[in-house]
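For reference, data-v3.cif is printed below; it contains mmCIF, C-alpha atoms and all ligand atoms.
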```cif
data_target
loop_
_atom_site.label_atom_id
_atom_site.label_comp_id
_atom_site.auth_asym_id
_atom_site.auth_seq_id
_atom_site.Cartn_x
_atom_site.Cartn_y
_atom_site.Cartn_z
CA MET A 1 185.90 327.70 123.68
CA ASN A 2 184.09 324.44 123.16
CA PHE A 3 185.12 321.63 125.43
CA THR A 4 183.36 318.35 126.02
CA ALA A 5 182.64 317.27 129.60
CA ASP A 6 185.48 314.75 129.34
CA GLU A 7 187.92 317.41 128.18
CA LEU A 8 186.96 319.67 131.07
CA LYS A 9 187.42 316.83 133.52
CA ARG A 10 190.80 316.05 131.99
CA MET A 11 191.90 319.67 132.37
CA TYR A 12 190.82 319.56 136.00
CA THR A 13 192.67 316.31 136.68
CA THR A 14 195.81 317.62 134.99
CA MET A 15 195.75 320.62 137.32
CA VAL A 16 195.27 318.32 140.30
CA LEU A 17 198.07 316.03 139.12
CA ILE A 18 200.48 318.97 138.89
CA ARG A 19 199.49 320.12 142.41
CA LYS A 20 199.71 316.67 144.02
CA PHE A 21 202.96 315.86 142.26
CA GLU A 22 204.59 319.05 143.56
CA GLN A 23 203.32 318.47 147.09
CA ASN A 24 204.64 314.93 147.00
CA SER A 25 208.03 316.01 145.62
CA ILE A 26 208.41 318.60 148.36
CA GLU A 27 207.76 315.91 150.96
CA ILE A 28 210.36 313.61 149.43
CA PHE A 29 212.93 316.44 149.16
CA ALA A 30 212.28 317.55 152.75
CA GLU A 31 212.75 313.99 153.97
CA ARG A 32 216.08 313.72 152.12
CA MET A 33 217.24 317.09 153.44
CA LYS A 34 216.49 315.95 156.99
CA ARG A 35 218.89 313.07 156.36
CA GLY A 36 221.59 315.58 155.38
CA ASP A 37 221.17 315.01 151.65
CA PHE A 38 220.82 317.98 149.27
CA PRO A 39 218.58 316.80 146.46
CA GLY A 40 218.78 320.07 144.46
CA ALA A 41 216.42 322.99 144.07
CA LEU A 42 212.69 322.61 143.79
CA HIS A 43 210.45 325.47 142.69
CA SER A 44 206.76 324.79 143.14
CA SER A 45 204.18 326.17 140.73
CA GLU A 46 201.26 325.40 143.05
CA GLY A 47 198.65 328.09 142.42
CA GLN A 48 199.72 328.65 138.78
CA GLU A 49 198.31 325.43 137.28
CA ALA A 50 195.57 327.09 135.22
CA ILE A 51 198.16 328.84 133.06
CA ALA A 52 200.05 325.71 132.02
CA VAL A 53 196.87 323.72 131.44
CA GLY A 54 195.02 326.57 129.69
CA VAL A 55 197.87 327.36 127.31
CA SER A 56 198.57 323.71 126.52
CA SER A 57 194.92 323.09 125.72
CA GLN A 58 195.41 325.44 122.75
CA LEU A 59 198.64 323.90 121.47
CA ARG A 60 199.14 321.02 119.06
CA PRO A 61 201.37 318.12 120.09
CA ASP A 62 204.02 319.28 117.58
CA ASP A 63 204.08 322.88 118.87
CA TYR A 64 207.13 323.90 120.89
CA VAL A 65 207.26 324.94 124.54
CA PHE A 66 210.13 326.64 126.40
CA SER A 67 209.81 326.60 130.15
CA THR A 68 211.52 327.92 133.27
CA TYR A 69 212.94 326.39 136.45
CA ARG A 70 209.32 326.50 137.72
CA GLY A 71 208.27 324.20 134.93
CA HIS A 72 206.82 320.92 136.26
CA GLY A 73 203.32 322.09 135.35
CA HIS A 74 204.38 323.23 131.89
CA ALA A 75 205.88 319.80 131.20
CA ILE A 76 202.96 317.77 132.54
CA ALA A 77 200.42 319.93 130.71
CA LYS A 78 202.37 319.59 127.44
CA GLY A 79 202.07 315.83 127.77
CA MET A 80 205.23 314.62 129.48
CA PRO A 81 204.31 311.26 131.06
CA ILE A 82 204.15 311.56 134.85
CA ASN A 83 206.53 308.60 135.30
CA LYS A 84 209.22 310.46 133.35
CA VAL A 85 208.61 313.65 135.36
CA VAL A 86 208.74 312.00 138.77
CA ALA A 87 211.79 309.92 137.87
CA GLU A 88 213.63 312.98 136.52
CA VAL A 89 212.88 315.21 139.49
CA HIS A 90 214.26 312.53 141.79
CA GLY A 91 217.33 311.92 139.62
CA ARG A 92 216.59 308.45 138.24
CA ALA A 93 217.87 306.99 134.98
CA THR A 94 214.31 306.49 133.74
CA GLY A 95 213.61 310.24 133.90
CA ALA A 96 212.98 312.52 130.95
CA SER A 97 216.64 313.62 130.92
CA ARG A 98 217.94 310.25 132.17
CA GLY A 99 218.20 311.70 135.67
CA TYR A 100 220.84 314.30 134.81
CA GLY A 101 218.56 317.35 134.57
CA GLY A 102 216.46 317.21 137.71
CA SER A 103 213.64 319.53 138.55
CA MET A 104 214.95 322.55 136.64
CA HIS A 105 215.84 320.75 133.42
CA LEU A 106 212.92 318.65 132.36
CA PHE A 107 213.31 318.18 128.60
CA ASP A 108 211.54 315.94 126.11
CA LYS A 109 212.11 316.41 122.40
CA SER A 110 209.54 313.69 121.60
CA ILE A 111 206.81 316.14 122.66
CA ASN A 112 208.74 319.28 121.63
CA PHE A 113 209.10 320.30 125.25
CA MET A 114 212.31 322.26 124.87
CA GLY A 115 213.25 322.37 128.47
CA GLY A 116 213.35 324.24 131.68
CA ASN A 117 216.17 326.67 132.30
CA GLY A 118 217.95 327.83 135.44
CA ILE A 119 218.71 331.22 133.89
CA VAL A 120 215.91 333.73 134.33
CA GLY A 121 214.48 334.77 130.94
CA ALA A 122 216.75 332.44 128.97
CA GLY A 123 213.90 330.71 127.17
CA LEU A 124 212.86 333.94 125.45
CA PRO A 125 215.64 334.15 122.84
CA LEU A 126 215.67 330.36 122.44
CA ALA A 127 212.04 330.53 121.34
CA LEU A 128 213.14 332.60 118.35
CA GLY A 129 215.10 329.57 117.19
CA THR A 130 212.26 327.09 116.93
CA ALA A 131 209.97 329.80 115.54
CA TYR A 132 212.51 330.65 112.84
CA ALA A 133 212.95 326.95 112.05
CA ALA A 134 209.19 326.47 111.70
CA VAL A 135 208.95 329.44 109.32
CA LYS A 136 211.95 328.23 107.28
CA ARG A 137 210.58 324.71 107.03
CA GLY A 138 207.14 326.01 106.13
CA THR A 139 205.39 324.17 108.96
CA ASP A 140 202.78 326.07 110.91
CA GLN A 141 204.09 325.10 114.33
CA VAL A 142 203.73 327.63 117.11
CA THR A 143 206.27 328.22 119.89
CA ALA A 144 205.08 329.08 123.41
CA VAL A 145 207.53 330.47 125.95
CA TYR A 146 206.91 330.99 129.66
CA PHE A 147 208.75 333.42 131.92
CA GLY A 148 208.09 335.31 135.14
CA ASP A 149 207.54 338.93 136.10
CA GLY A 150 211.24 339.11 136.99
CA GLY A 151 212.14 337.63 133.59
CA ALA A 152 210.14 340.42 131.92
CA SER A 153 212.75 342.91 133.13
CA GLN A 154 215.65 341.05 131.53
CA GLY A 155 217.18 342.49 128.37
CA ALA A 156 216.46 339.18 126.64
CA PHE A 157 212.71 339.82 127.00
CA HIS A 158 212.89 343.05 124.98
CA GLU A 159 215.29 341.73 122.38
CA ALA A 160 213.30 338.56 121.78
CA ILE A 161 209.93 340.31 121.51
CA ASN A 162 211.35 343.00 119.27
CA MET A 163 212.82 340.44 116.87
CA ALA A 164 209.68 338.27 116.93
CA ALA A 165 207.47 341.28 116.21
CA ILE A 166 209.65 342.48 113.31
CA LYS A 167 209.76 339.01 111.76
CA LYS A 168 206.14 338.16 112.68
CA TYR A 169 207.37 334.94 114.24
CA PRO A 170 204.73 332.45 115.46
CA ILE A 171 205.39 332.82 119.17
CA ILE A 172 203.23 333.32 122.22
CA PHE A 173 205.08 334.96 125.07
CA ILE A 174 203.47 334.02 128.38
CA CYS A 175 204.39 336.08 131.41
CA GLU A 176 203.40 334.31 134.62
CA ASN A 177 203.21 337.37 136.84
CA ASN A 178 203.12 335.84 140.31
CA GLN A 179 204.18 339.25 141.62
CA TYR A 180 207.49 338.25 143.07
CA ALA A 181 210.95 337.58 141.65
CA ALA A 182 212.32 335.46 144.47
CA THR A 183 211.84 337.95 147.35
CA THR A 184 211.42 341.13 145.25
CA HIS A 185 207.94 342.50 144.60
CA VAL A 186 207.19 343.28 140.95
CA SER A 187 206.68 346.98 141.76
CA VAL A 188 210.38 347.20 142.61
CA ASN A 189 211.59 346.21 139.15
CA CYS A 190 208.67 347.18 136.90
CA PRO A 191 207.51 350.83 136.87
CA ILE A 192 204.11 350.13 135.25
CA GLU A 193 201.05 348.25 136.49
CA ASP A 194 200.70 345.80 133.60
CA ILE A 195 203.63 344.01 131.96
CA GLY A 196 201.26 343.39 129.05
CA ASP A 197 201.48 347.12 128.27
CA ARG A 198 205.06 346.59 127.16
CA ALA A 199 203.66 344.90 124.04
CA LYS A 200 202.65 348.32 122.71
CA ALA A 201 206.31 349.23 122.29
CA TYR A 202 206.64 346.37 119.81
CA GLY A 203 203.31 346.81 118.03
CA ILE A 204 201.83 343.50 119.15
CA PRO A 205 198.81 342.61 121.32
CA GLY A 206 199.45 342.42 125.07
CA PRO A 207 196.34 341.06 126.78
CA VAL A 208 196.31 340.92 130.58
CA VAL A 209 194.32 338.05 132.08
CA ASP A 210 193.42 336.48 135.39
CA GLY A 211 195.88 333.59 135.33
CA ASN A 212 193.90 331.77 138.01
CA ASN A 213 190.90 331.51 135.73
CA LEU A 214 191.40 328.61 133.34
CA PHE A 215 188.83 329.87 130.85
CA GLU A 216 190.33 333.34 130.57
CA VAL A 217 193.69 331.76 129.89
CA VAL A 218 192.17 329.38 127.33
CA ASP A 219 190.40 332.14 125.38
CA THR A 220 193.37 334.45 125.32
CA ALA A 221 195.88 331.73 124.48
CA GLY A 222 193.53 330.42 121.78
CA ALA A 223 193.42 333.82 120.07
CA ALA A 224 197.21 334.21 120.35
CA VAL A 225 197.83 330.74 118.90
CA SER A 226 195.48 331.40 115.94
CA ARG A 227 197.20 334.70 115.26
CA ALA A 228 200.63 333.08 115.41
CA ARG A 229 199.65 330.08 113.27
CA GLY A 230 198.00 332.40 110.76
CA GLY A 231 201.28 334.26 110.19
CA GLU A 232 200.17 337.47 111.90
CA GLY A 233 202.92 337.42 114.50
CA PRO A 234 203.46 337.09 118.23
CA THR A 235 201.38 338.03 121.27
CA LEU A 236 202.50 338.86 124.79
CA ILE A 237 200.06 337.48 127.37
CA GLU A 238 200.38 338.60 130.96
CA CYS A 239 198.75 336.18 133.42
CA LYS A 240 198.28 337.66 136.89
CA THR A 241 198.75 334.87 139.36
CA TRP A 242 200.32 333.79 142.65
CA ARG A 243 202.49 330.93 143.79
CA HIS A 244 201.22 329.37 146.97
CA ARG A 245 204.70 328.65 148.27
CA ALA A 246 207.87 330.62 148.84
CA HIS A 247 210.25 331.02 145.88
CA CYS A 248 211.84 327.61 146.37
CA MET A 249 212.31 325.05 149.08
CA VAL A 250 215.36 326.65 150.64
CA ILE A 251 214.08 330.26 150.74
CA PRO A 252 211.82 331.11 153.68
CA GLU A 253 208.39 332.67 153.12
CA HIS A 254 208.38 336.43 153.59
CA ARG A 255 205.28 337.63 151.71
CA PRO A 256 202.58 339.36 153.74
CA GLY A 257 200.00 337.01 155.26
CA LYS A 258 197.04 339.07 154.04
CA ASP A 259 198.18 338.71 150.41
CA ARG A 260 198.58 334.98 150.83
CA GLU A 261 195.10 334.75 152.27
CA HIS A 262 193.63 336.85 149.44
CA TRP A 263 195.11 334.55 146.81
CA ALA A 264 194.30 331.35 148.69
CA ASN A 265 190.66 332.32 148.16
CA ARG A 266 191.19 332.54 144.42
CA ASP A 267 192.80 329.16 143.91
CA PRO A 268 192.54 327.97 140.27
CA ILE A 269 191.76 324.36 141.16
CA ASP A 270 189.00 325.35 143.59
CA GLN A 271 187.55 327.58 140.88
CA MET A 272 187.61 324.75 138.33
CA ARG A 273 186.04 322.35 140.84
CA ASP A 274 183.24 324.87 141.42
CA HIS A 275 182.77 325.22 137.68
CA LEU A 276 182.45 321.46 137.13
CA THR A 277 179.90 321.24 139.91
CA ALA A 278 177.89 324.28 138.85
CA ALA A 279 177.82 323.10 135.21
CA GLY A 280 176.49 319.70 136.34
CA ILE A 281 179.56 317.91 134.94
CA ALA A 282 180.73 316.36 138.21
CA ASP A 283 179.08 316.30 141.61
CA ALA A 284 181.00 316.06 144.88
CA ALA A 285 181.27 312.27 144.69
CA ALA A 286 182.50 312.37 141.09
CA ILE A 287 185.10 315.00 142.00
CA GLU A 288 186.27 312.82 144.87
CA GLN A 289 186.68 309.92 142.45
CA LEU A 290 188.66 312.07 139.99
CA ASP A 291 190.96 313.20 142.82
CA ALA A 292 191.41 309.60 144.01
CA ASP A 293 192.31 308.48 140.45
CA VAL A 294 194.99 311.18 140.30
CA GLN A 295 196.39 310.02 143.66
CA GLU A 296 196.59 306.46 142.32
CA GLN A 297 198.37 307.60 139.17
CA LEU A 298 200.87 309.54 141.25
CA LYS A 299 201.39 306.66 143.65
CA ALA A 300 202.22 304.38 140.74
CA ALA A 301 204.65 306.96 139.32
CA VAL A 302 206.41 307.30 142.69
CA ALA A 303 206.70 303.49 142.93
CA PHE A 304 208.12 303.44 139.38
CA MET A 305 210.68 306.07 140.43
CA GLN A 306 211.64 304.17 143.59
CA ASP A 307 212.20 301.01 141.55
CA SER A 308 214.35 302.87 139.02
CA PRO A 309 218.15 302.98 139.19
CA PHE A 310 220.24 306.12 139.55
CA PRO A 311 222.28 307.03 136.45
CA ASP A 312 225.48 305.07 135.91
CA PRO A 313 228.50 307.32 136.63
CA ALA A 314 230.38 305.46 133.87
CA GLU A 315 228.27 307.22 131.22
CA ILE A 316 229.07 310.75 132.45
CA ALA A 317 231.21 311.72 129.45
CA GLU A 318 228.58 310.43 127.06
CA VAL A 319 225.88 312.76 128.46
CA VAL A 320 228.09 315.82 128.88
CA TYR A 321 229.85 315.91 125.48
CA ALA A 322 228.24 315.59 122.07
CA GLY A 323 230.57 313.67 119.77
C1 LIG B 1 219.96 335.70 134.80
C2 LIG B 1 219.62 335.31 136.21
N1 LIG B 1 219.59 336.25 137.17
C3 LIG B 1 219.28 335.91 138.44
C4 LIG B 1 218.98 334.61 138.77
C5 LIG B 1 218.58 334.25 140.21
N2 LIG B 1 217.14 334.04 140.25
C6 LIG B 1 216.64 332.79 140.18
S1 LIG B 1 214.99 332.79 140.18
C7 LIG B 1 214.89 334.46 140.29
C8 LIG B 1 213.57 335.16 140.33
C9 LIG B 1 212.89 335.25 139.01
O1 LIG B 1 211.56 335.63 139.21
P1 LIG B 1 210.44 335.56 138.10
O2 LIG B 1 211.03 335.79 136.75
O3 LIG B 1 209.33 336.45 138.51
O4 LIG B 1 209.95 334.04 138.12
P2 LIG B 1 209.26 333.21 139.31
O5 LIG B 1 210.39 332.61 140.12
O6 LIG B 1 208.42 334.12 140.10
O7 LIG B 1 208.47 332.14 138.63
C10 LIG B 1 216.17 335.00 140.33
C11 LIG B 1 216.45 336.44 140.44
C12 LIG B 1 219.04 333.65 137.73
N3 LIG B 1 218.76 332.36 137.96
N4 LIG B 1 219.32 334.03 136.46
MG MG B 2 207.64 335.95 139.61
#
```
Hey, can you dump this file as structure tokens for me?
Amino acid sequence: MNFTADELKRMYTTMVLIRKFEQNSIEIFAERMKRGDFPGALHSSEGQEAIAVGVSSQLRPDDYVFSTYRGHGHAIAKGMPINKVVAEVHGRATGASRGYGGSMHLFDKSINFMGGNGIVGAGLPLALGTAYAAVKRGTDQVTAVYFGDGGASQGAFHEAINMAAIKKYPIIFICENNQYAATTHVSVNCPIEDIGDRAKAYGIPGPVVDGNNLFEVVDTAGAAVSRARGGEGPTLIECKTWRHRAHCMVIPEHRPGKDREHWANRDPIDQMRDHLTAAGIADAAAIEQLDADVQEQLKAAVAFMQDSPFPDPAEIAEVVYAG
């Protein structure tokens, strides 16, 4: 892992942008809900930012990413412009999916971001498709697919990894184990400690990392990407992590307070801020400036969204049916 000071600062600001964007979106949604509006579901990835940013730092722009309904961070880290993200999440015509996808269906083919998905685990078999296409075309593009601890107990998880392992497809399977599937603790649906151990059944590596530590994610993802690009086959990476918020905006928090406190002390952004300071890359004033720049960027994106129209109902058939 060899990053310049500027690259490290950029990774930090991307994490902060994801966090601030999600906080801002929750405020806007809550405001609309108070007015009796139902703006749709919003699943925050606050607390999981190091995974999206660490994995993306190891991908090329033409590599593919399949995401989940908790995918704002995945999209931003892959390079989706913040204006397109904000506009999409708030249903505007200038959004990545012209305002028809919303929070759960960010999609941008121009950066090979192959979309979020409301169906748990659904990205796993889809990843086989782009991986197969890359092999057939003879490109060395890698496909990365994210899913949760709950998703790892779907049949699709086992089928997709089995097929990828047999065919040595260039895929990295990234399990964001935030320890809960909605309100169900991982111990209820997974009988072993580490989901990464399931890789053994398919003869592929299954490293388990601290998903709140950007550098652990970077190193592990880097090795998995090299292996995939080199034709050696897939890797299953389990990232232990924690979402700071309840499952989604409309589900109340139920997780024990002591667990929340434990993880609040291991926040990935705080850890990265400490790293930048300790390494002499940015002192407190410089960090403050970086944070303020992110706020400005977000403010401009929100203004762009507010000035953007909603989609025109007249085009509904055009976006639903492919002719
Ligand atoms: C196939 C399917 N089953 C159930 C659901 C309902 N559901 C939505 S999110 C979720 C929890 C999934 O948890 P996990 O995979 O750990 O991801 P996380 O939400 O923690 O990121 C469930 C059960 C669904 N959307 N799709
Ligand atoms: Mg989970």
Taking all atoms listed in the file into account, which residues have an atom no farther than 9 Å from ligand MG 2 (chain B)? I'd like them as a list in words.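 What falls inside 9 Å of ligand MG 2 (chain B) is Phe147, Gly148, Asp149, Gly150, Gly151, Cys175, Glu176, Asn177, Asn178, Gln179, Tyr180, Ala181, Ala182, Thr184, His185, Val186, Thr241, Trp242, Arg243 and His247 of chain A.
Residues in contact with Asp312 (chain A) at 10 Å, where only C-alpha atoms are counted and same-chain residues fewer than 2 positions away are skipped, are listed as Arg92, Ala93, Arg98, Gly99, Pro309, Phe310, Ala314, Glu315 and Ile316 of chain A.
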Quick one: which region 60-114 of chain A residues come within 10 Å of region 123-132 of chain A, and what is the nearest atom pair for each with the distance in Å to one decimal, counting all atoms listed in the file, rows ordered by chain and ascending number, as a tab-separated table?
```
residue	atom	partner	partner_atom	distance
A:Asp63	CA	A:Thr130	CA	9.4
A:Tyr64	CA	A:Thr130	CA	7.2
A:Val65	CA	A:Ala127	CA	8.0
A:Phe66	CA	A:Gly123	CA	5.6
A:Ser67	CA	A:Gly123	CA	6.5
A:Thr68	CA	A:Gly123	CA	7.1
A:Asn112	CA	A:Thr130	CA	9.8
A:Met114	CA	A:Gly123	CA	8.9
```
Might you pull out every residue within 7 Å of Ala224 (chain A), with all atoms listed in the file counted and same-chain residues fewer than 4 positions away left off, and present them as a list in words?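 My list of contacting residues is Ile172, Thr220, Ala228 and Thr235 of chain A.
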Would you pick out the contacts of His74 (chain A) at 8 Å or less, using all atoms listed in the file, so that residues sharing its chain but fewer than 5 positions from it are not included, and give the list as a count of residues only? 4
Selection: 12 Å around His275 (chain A), all atoms listed in the file, excl. self and same-chain fewer than 3 positions, as a list in words: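 In the requested format, the answer is Ala5, Leu8, Lys9, Met11, Tyr12, Asn213, Leu214, Phe215, Pro268, Ile269, Asp270, Gln271, Met272, Ala278, Ala279, Gly280, Ile281, Ala282, Asp283, Ala284 and Ile287 of chain A.
With distances restricted to all atoms listed in the file, A:Cys239 is the closest residue to ligand LIG 1 (chain B) from A:Ala134, A:Ile26, A:Val209, A:Cys239.
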Residue contacts of region 203-207 of chain A (6 Å, all atoms listed in the file) excluding same-chain residues fewer than 3 positions away, as an MDAnalysis selection string: chainID A and resid 196 199:200 235:237
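Rounded to one decimal, CA of Ser187 (chain A) and CA of Asn117 (chain A) lie 24.3 Å from each other.
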Which is closer to ligand LIG 1 (chain B) than all the others in A:Lys78, A:Arg198, A:Arg70, A:Arg245, using only C-alpha atoms and all ligand atoms?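 Going through A:Lys78, A:Arg198, A:Arg70, A:Arg245 one by one, the smallest distance to ligand LIG 1 (chain B) is for A:Arg70.
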Could you put an axis-aligned box around every listed atom of ligand LIG 1 (chain B), padded by 5 Å on each side, and send me its centre and edge lengths in Å to one decimal, as lines of an AutoDock Vina configuration file?
```
center_x = 214.2
center_y = 334.3
center_z = 137.6
size_x = 21.5
size_y = 14.3
size_z = 15.6
```
